[in-house]
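Trainee: One structure, as structure tokens, below. Some questions next.
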Amino acid sequence: MLYSKLFTKTTKEVSSDETSKNAQLLIQAGYIHKTMAGVYAFLPLGLRVLNNIENIVRENLNQIGGQEILMNGIQPKANWDKTGRWNTVDVLFKLSSQTNTEYALAPTHEEQISPLIKQYISSYKDLPDFDEENGVMPLAVYQIQTKYRDELRAKSGLLRGREFRMKDMYDFHKTKESQEAYFEYITQTYITIYNQMGLKVYIVDASGGNFSDKLSREFQVICDAGEDLIKYSETTNFACNIEVFEDIKASGKEIPVDIQEAKSAEVGNIFDLGQKWVKAFDTSYTDKNNKKELPWMGCHGIGTSRCMAVIAEIYSDENGLKWPESVAPFKYQMITNVNHKDDQKINNQIVKIAQSIYQGESEAEDLFEANPETVLWDDRESVGFGEKLKDADLIGCPLQIIVSKRSLEQGGVELKNRYTGDSNIIQIIE
RNA sequence: CGGGACGUAGCGCAGUUGGUAGCGCGCUUGGUUUGGGACCAAGAGGUCUAGGGUUCGAAUCCCUACGUCCCGACCA
């Protein structure tokens, strides 16, 4: 993409009332725009990052049998009455129509998936037992969608919004064993997902809150902007929320010697919902003996926009963002320096080389993946070179390609790693 | 929802004891620049969040509402 065609602009200054690092950087670099407290619009660069994150989630869930659907933001009140949550979920946005019919703006989708799935599971044959060895996956349906929660206090940029993006998956099983085994299987998939987006997660068991009286498991990333406090160990897989640490100690469980404490952000969680929701909606099936049975249900969330915030918090420095390649809006940001004082021949050469790199015609191995889809070319002519370098650091694509008189004198184009700061000259064969 | 701070040009800010608003960035035009957010010149841009009140006179003082952020509480 040509930078000159990008409608967003970076700014030198950012509002002092956005104090969170993720919001400041993402707004300053033009990734997001604040509409109101806790509600942000995703601009071209921001949407590319969000899409990259969500595609990582998508690909991994498809591999474990997930079938993607898209449910709705607006839901009937009746469903929420049925589970009693119309009055108990205080973050529920409620709205009414011209005819005073009431609706919920969905904060989550158990109230929709349960009656939906009821239509399609009539027989035990519709609910295969999870069998990892033979590659048999259970019925698992997911969506990646915009969610709404009436938070009393939205804060920390994309970390806690009133409108945010979330993946939620729901799985249904004949047996509790299948559900529990899949719960563990998903845990492994989640670790892979977070690793692919550059996040190291700590797994913390917690109670399910008012969501479920069963087990839930949180995925925490060490991050100063986070709202949670965890105890964890680098050498073992021990991790727990600070709130339950004393209880764990009292229970006699062994505490690792390298125990540490840190602030963390919850980037996902998985729940064992038991039969609470299927009971409420009578989501039953007929078993082998022609008997009516209720399935076992699990639900699993990943806050994709929150992941974006956490990545921005962690992968950034005083100059700006430095995205992991897997989620970066572009792999390369190319800067060309055309100086009118210079020999026109050199300027022509700079543009010609940049053009061929941008079009994917470069022979150089390190630039093999360059093309208009992977390169953000800062082709602006009236902008100083220093400003382009600043912008490249702020926007934070992993690799910067610099084509200038100086780089040509050094034998080619400069390839600079945003993360390590290393740079080297790539030979260009013309 | 309790406590605190704030709301002035597109953005970031200043505005003294009350006298109808200014700076930087950005933008427009022209020119010079171009390896770390350049420079000169000339411009455009405002219902000082809104509504009341005090006053001869309010961005400034008082009240109310709305908005934004921070601390806390809450947190599928």
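Just so we're on the same page: first chain in the structure tokens is A, next is B, and so on; residues restart at 1 for each chain, and ligands are numbered from 1 in the order they show up.
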At a cut-off of 6 Å, which residues of chain B touch chain A? Count only C-alpha atoms (C1' of nucleotides) and give the answer as a PDB file with C-alpha atoms (C1' of nucleotides), in the first residue's frame.
Mentor:
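result-v2.pdb, freshly written:
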```pdb
ATOM      1  C1'   G B  12      -1.692  19.544  21.792  1.00  0.00           C
ATOM      2  C1'   U B  34      15.192  16.412   2.762  1.00  0.00           C
ATOM      3  C1'   G B  36      15.908  11.215  12.800  1.00  0.00           C
ATOM      4  C1'   G B  37       9.237  15.012  13.432  1.00  0.00           C
ATOM      5  C1'   C B  69      -9.708  10.717  32.064  1.00  0.00           C
TER       6        C B  69
END
```
Trainee: Residues of range 334-415 of chain A classed as strand (DSSP E) by DSSP on the backbone are to be reported as a PyMOL selection string.
Mentor: chain A and resi 334-336+375-378+399-403+412-415
Trainee: Env of A21 in chain B: 10 Å cut, atoms = only C-alpha atoms (C1' of nucleotides), seq-sep filter 6 positions within chain, self excluded. Answer as a CSV table (one decimal) with C-alpha atoms (C1' of nucleotides), in the first residue's frame.
Mentor:
```
chain,number,residue,atom,x,y,z
B,8,U,C1',-10.7,27.0,24.9
B,15,G,C1',-5.1,32.7,29.0
B,46,G,C1',-13.5,30.1,17.5
B,48,C,C1',-14.3,29.3,24.9
B,59,A,C1',-13.3,31.6,28.9
```
Trainee: Which residue, B:U28, B:U20, B:U33, B:U64, has the smallest gap to G52 in chain B when you use only C-alpha atoms (C1' of nucleotides)?
Mentor: B:U64
Trainee: Measure the distance from CA of Gln145 in chain A to CA of Leu70 in chain A in Å and round it to one decimal.
Mentor: 7.2 Å
Trainee: Skip range 273-286 of chain A itself and residues of its chain fewer than 6 positions away, then list as number ranges by chain all residues within 6 Å of it, counting only C-alpha atoms (C1' of nucleotides).
Mentor: A: 83, 115, 118, 121-124, 212, 292-294, 296-298
Trainee: Which of these, B:A9, B:U32, B:C75, B:C1, has the shortest distance to G45 in chain B once you count only C-alpha atoms (C1' of nucleotides)?
Mentor: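 Closest to G45 in chain B of all the choices is B:A9.
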Trainee: Distance CA of Gly157 in chain A-CA of Trp80 in chain A, one decimal place?
Mentor: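 According to the coordinates, CA of Gly157 in chain A and CA of Trp80 in chain A are separated by 29.1 Å.
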Trainee: Excluding range 250-260 of chain A and any residue of its chain fewer than 5 positions from it, enumerate the residues within 7 Å of it, using only C-alpha atoms (C1' of nucleotides), and give them as a PyMOL selection string.
Mentor: chain A and resi 231-233
Trainee: Would you return as a list in words the members of range 211-343 of chain A that DSSP assigns to helix (DSSP H, G or I) on this structure's backbone?
Mentor: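 Across range 211-343 of chain A, those assigned helix (DSSP H, G or I) are Phe211, Ile242, Glu243, Val244, Phe245, Glu246, Asp247, Ile248, Lys249, Ala250, Lys276, Trp277, Val278, Lys279, Ala280, Thr304, Ser305, Arg306, Cys307, Met308, Ala309, Val310, Ile311, Ala312, Glu313 and Ile314 of chain A.
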Trainee: What does the file look like for those residues with C-alpha atoms, as a CSV table (one decimal), in the first residue's frame?
Mentor:
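For reference, part-v8.csv as written:
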```csv
chain,number,residue,atom,x,y,z
A,211,PHE,CA,-21.4,-17.1,34.9
A,242,ILE,CA,-3.4,-13.5,44.0
A,243,GLU,CA,-6.8,-13.8,45.6
A,244,VAL,CA,-6.5,-17.6,45.9
A,245,PHE,CA,-2.8,-17.8,46.7
A,246,GLU,CA,-3.2,-18.0,50.4
A,247,ASP,CA,-5.9,-20.7,50.0
A,248,ILE,CA,-3.6,-22.7,47.8
A,249,LYS,CA,-0.7,-22.4,50.3
A,250,ALA,CA,-3.0,-23.5,53.1
A,276,LYS,CA,-27.0,-24.8,33.2
A,277,TRP,CA,-27.9,-23.3,29.8
A,278,VAL,CA,-29.1,-26.4,28.0
A,279,LYS,CA,-31.5,-27.0,31.0
A,280,ALA,CA,-32.8,-23.4,30.7
A,304,THR,CA,-9.4,-10.2,20.2
A,305,SER,CA,-9.4,-6.5,20.5
A,306,ARG,CA,-8.0,-6.8,24.0
A,307,CYS,CA,-5.3,-9.0,22.6
A,308,MET,CA,-4.4,-6.2,20.2
A,309,ALA,CA,-4.2,-3.8,23.2
A,310,VAL,CA,-1.9,-6.2,25.1
A,311,ILE,CA,0.3,-6.7,22.1
A,312,ALA,CA,0.6,-2.9,21.7
A,313,GLU,CA,1.4,-2.5,25.4
A,314,ILE,CA,4.1,-5.2,25.3
```
Trainee: Which residues are close to Ile53 in chain A, i.e. within 12 Å by only C-alpha atoms (C1' of nucleotides), leaving aside same-chain residues fewer than 6 positions away? Reply as a PyMOL selection string.
Mentor: chain A and resi 46-47+59-60+144+165-167+193-199+302-311+323-329
Trainee: Which neighbours of Tyr182 in chain A fall inside 12 Å, counting only C-alpha atoms (C1' of nucleotides), when residues of the same chain fewer than 5 positions from it are skipped, and could you give them as a PDB file with N, CA and C atoms, in the first residue's frame?
Mentor:
```pdb
ATOM      1  N   ILE A  64      -9.464 -27.594  15.185  1.00  0.00           N
ATOM      2  CA  ILE A  64      -9.966 -28.479  16.240  1.00  0.00           C
ATOM      3  C   ILE A  64     -11.480 -28.659  16.111  1.00  0.00           C
ATOM      4  N   GLY A  65     -11.943 -28.522  14.894  1.00  0.00           N
ATOM      5  CA  GLY A  65     -13.340 -28.849  14.619  1.00  0.00           C
ATOM      6  C   GLY A  65     -14.315 -27.705  14.776  1.00  0.00           C
ATOM      7  N   GLY A  66     -13.831 -26.524  15.029  1.00  0.00           N
ATOM      8  CA  GLY A  66     -14.742 -25.390  15.186  1.00  0.00           C
ATOM      9  C   GLY A  66     -15.410 -25.029  13.862  1.00  0.00           C
ATOM     10  N   PRO A 128     -20.984 -36.184  18.462  1.00  0.00           N
ATOM     11  CA  PRO A 128     -19.869 -37.135  18.540  1.00  0.00           C
ATOM     12  C   PRO A 128     -19.017 -36.883  19.790  1.00  0.00           C
ATOM     13  N   ASP A 129     -18.554 -37.977  20.420  1.00  0.00           N
ATOM     14  CA  ASP A 129     -17.654 -37.824  21.568  1.00  0.00           C
ATOM     15  C   ASP A 129     -16.273 -37.445  21.066  1.00  0.00           C
ATOM     16  N   PHE A 130     -15.685 -36.507  21.769  1.00  0.00           N
ATOM     17  CA  PHE A 130     -14.325 -36.075  21.412  1.00  0.00           C
ATOM     18  C   PHE A 130     -13.357 -37.242  21.565  1.00  0.00           C
ATOM     19  N   ASP A 131     -12.593 -37.504  20.516  1.00  0.00           N
ATOM     20  CA  ASP A 131     -11.620 -38.589  20.527  1.00  0.00           C
ATOM     21  C   ASP A 131     -10.377 -38.100  19.794  1.00  0.00           C
ATOM     22  N   GLU A 132      -9.439 -37.591  20.577  1.00  0.00           N
ATOM     23  CA  GLU A 132      -8.262 -36.960  19.986  1.00  0.00           C
ATOM     24  C   GLU A 132      -7.476 -37.933  19.115  1.00  0.00           C
ATOM     25  N   GLY A 135      -9.062 -38.419  15.913  1.00  0.00           N
ATOM     26  CA  GLY A 135      -9.405 -37.168  15.240  1.00  0.00           C
ATOM     27  C   GLY A 135     -10.893 -36.865  15.191  1.00  0.00           C
ATOM     28  N   VAL A 136     -11.643 -37.396  16.156  1.00  0.00           N
ATOM     29  CA  VAL A 136     -13.077 -37.097  16.180  1.00  0.00           C
ATOM     30  C   VAL A 136     -13.305 -35.868  17.054  1.00  0.00           C
ATOM     31  N   MET A 137     -13.855 -34.826  16.450  1.00  0.00           N
ATOM     32  CA  MET A 137     -14.087 -33.587  17.176  1.00  0.00           C
ATOM     33  C   MET A 137     -15.557 -33.493  17.583  1.00  0.00           C
ATOM     34  N   PRO A 138     -15.828 -32.862  18.692  1.00  0.00           N
ATOM     35  CA  PRO A 138     -17.217 -32.699  19.134  1.00  0.00           C
ATOM     36  C   PRO A 138     -17.903 -31.596  18.333  1.00  0.00           C
ATOM     37  N   LEU A 139     -19.178 -31.406  18.596  1.00  0.00           N
ATOM     38  CA  LEU A 139     -19.889 -30.281  17.992  1.00  0.00           C
ATOM     39  C   LEU A 139     -19.408 -28.996  18.669  1.00  0.00           C
ATOM     40  N   ALA A 140     -18.722 -28.165  17.877  1.00  0.00           N
ATOM     41  CA  ALA A 140     -18.193 -26.923  18.428  1.00  0.00           C
ATOM     42  C   ALA A 140     -18.447 -25.806  17.425  1.00  0.00           C
ATOM     43  N   TYR A 170     -18.707 -22.411  21.534  1.00  0.00           N
ATOM     44  CA  TYR A 170     -19.584 -23.206  22.386  1.00  0.00           C
ATOM     45  C   TYR A 170     -19.526 -24.649  21.911  1.00  0.00           C
ATOM     46  N   ASP A 171     -19.309 -25.581  22.823  1.00  0.00           N
ATOM     47  CA  ASP A 171     -19.252 -26.985  22.417  1.00  0.00           C
ATOM     48  C   ASP A 171     -20.215 -27.811  23.260  1.00  0.00           C
ATOM     49  N   PHE A 172     -20.716 -28.875  22.637  1.00  0.00           N
ATOM     50  CA  PHE A 172     -21.784 -29.681  23.237  1.00  0.00           C
ATOM     51  C   PHE A 172     -21.400 -31.156  23.162  1.00  0.00           C
ATOM     52  N   HIS A 173     -21.638 -31.862  24.245  1.00  0.00           N
ATOM     53  CA  HIS A 173     -21.179 -33.250  24.341  1.00  0.00           C
ATOM     54  C   HIS A 173     -22.241 -34.143  24.976  1.00  0.00           C
ATOM     55  N   THR A 175     -21.263 -36.724  26.780  1.00  0.00           N
ATOM     56  CA  THR A 175     -20.740 -37.112  28.096  1.00  0.00           C
ATOM     57  C   THR A 175     -19.884 -36.006  28.705  1.00  0.00           C
ATOM     58  N   LYS A 176     -19.870 -36.026  30.008  1.00  0.00           N
ATOM     59  CA  LYS A 176     -19.049 -35.080  30.744  1.00  0.00           C
ATOM     60  C   LYS A 176     -17.569 -35.327  30.447  1.00  0.00           C
ATOM     61  N   GLU A 177     -17.218 -36.598  30.236  1.00  0.00           N
ATOM     62  CA  GLU A 177     -15.828 -36.959  29.954  1.00  0.00           C
ATOM     63  C   GLU A 177     -15.359 -36.289  28.660  1.00  0.00           C
ATOM     64  N   THR A 187      -7.382 -25.866  25.814  1.00  0.00           N
ATOM     65  CA  THR A 187      -6.330 -25.162  26.553  1.00  0.00           C
ATOM     66  C   THR A 187      -5.036 -25.158  25.738  1.00  0.00           C
ATOM     67  N   GLN A 188      -4.703 -26.325  25.155  1.00  0.00           N
ATOM     68  CA  GLN A 188      -3.487 -26.422  24.349  1.00  0.00           C
ATOM     69  C   GLN A 188      -3.590 -25.550  23.100  1.00  0.00           C
ATOM     70  N   THR A 189      -4.748 -25.569  22.467  1.00  0.00           N
ATOM     71  CA  THR A 189      -4.957 -24.743  21.270  1.00  0.00           C
ATOM     72  C   THR A 189      -4.826 -23.265  21.608  1.00  0.00           C
ATOM     73  N   TYR A 190      -5.353 -22.886  22.762  1.00  0.00           N
ATOM     74  CA  TYR A 190      -5.247 -21.488  23.178  1.00  0.00           C
ATOM     75  C   TYR A 190      -3.785 -21.072  23.340  1.00  0.00           C
ATOM     76  N   ILE A 270     -11.857 -19.951  29.485  1.00  0.00           N
ATOM     77  CA  ILE A 270     -12.694 -21.054  29.035  1.00  0.00           C
ATOM     78  C   ILE A 270     -13.520 -21.533  30.225  1.00  0.00           C
ATOM     79  N   PHE A 271     -14.750 -21.912  29.924  1.00  0.00           N
ATOM     80  CA  PHE A 271     -15.685 -22.264  30.987  1.00  0.00           C
ATOM     81  C   PHE A 271     -16.269 -23.648  30.769  1.00  0.00           C
ATOM     82  N   ASP A 272     -16.432 -24.331  31.869  1.00  0.00           N
ATOM     83  CA  ASP A 272     -17.191 -25.570  31.888  1.00  0.00           C
ATOM     84  C   ASP A 272     -18.587 -25.162  32.348  1.00  0.00           C
ATOM     85  N   TRP A 296     -23.708 -31.768  27.639  1.00  0.00           N
ATOM     86  CA  TRP A 296     -22.798 -30.992  28.486  1.00  0.00           C
ATOM     87  C   TRP A 296     -22.197 -29.903  27.620  1.00  0.00           C
ATOM     88  N   MET A 297     -22.056 -28.768  28.217  1.00  0.00           N
ATOM     89  CA  MET A 297     -21.689 -27.603  27.407  1.00  0.00           C
ATOM     90  C   MET A 297     -20.449 -26.898  27.940  1.00  0.00           C
ATOM     91  N   GLY A 298     -19.664 -26.403  26.997  1.00  0.00           N
ATOM     92  CA  GLY A 298     -18.516 -25.580  27.366  1.00  0.00           C
ATOM     93  C   GLY A 298     -18.566 -24.281  26.582  1.00  0.00           C
ATOM     94  N   CYS A 299     -17.935 -23.257  27.091  1.00  0.00           N
ATOM     95  CA  CYS A 299     -17.865 -22.013  26.323  1.00  0.00           C
ATOM     96  C   CYS A 299     -16.510 -21.381  26.544  1.00  0.00           C
ATOM     97  N   HIS A 300     -15.985 -20.772  25.485  1.00  0.00           N
ATOM     98  CA  HIS A 300     -14.584 -20.357  25.483  1.00  0.00           C
ATOM     99  C   HIS A 300     -14.399 -19.042  24.780  1.00  0.00           C
TER     100      HIS A 300
END
```
Trainee: Expressed in Å to a single decimal, how great is the separation between C1' of A44 in chain B and CA of Phe7 in chain A?
Mentor: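 Interatomic distance, C1' of A44 in chain B to CA of Phe7 in chain A: 22.2 Å.
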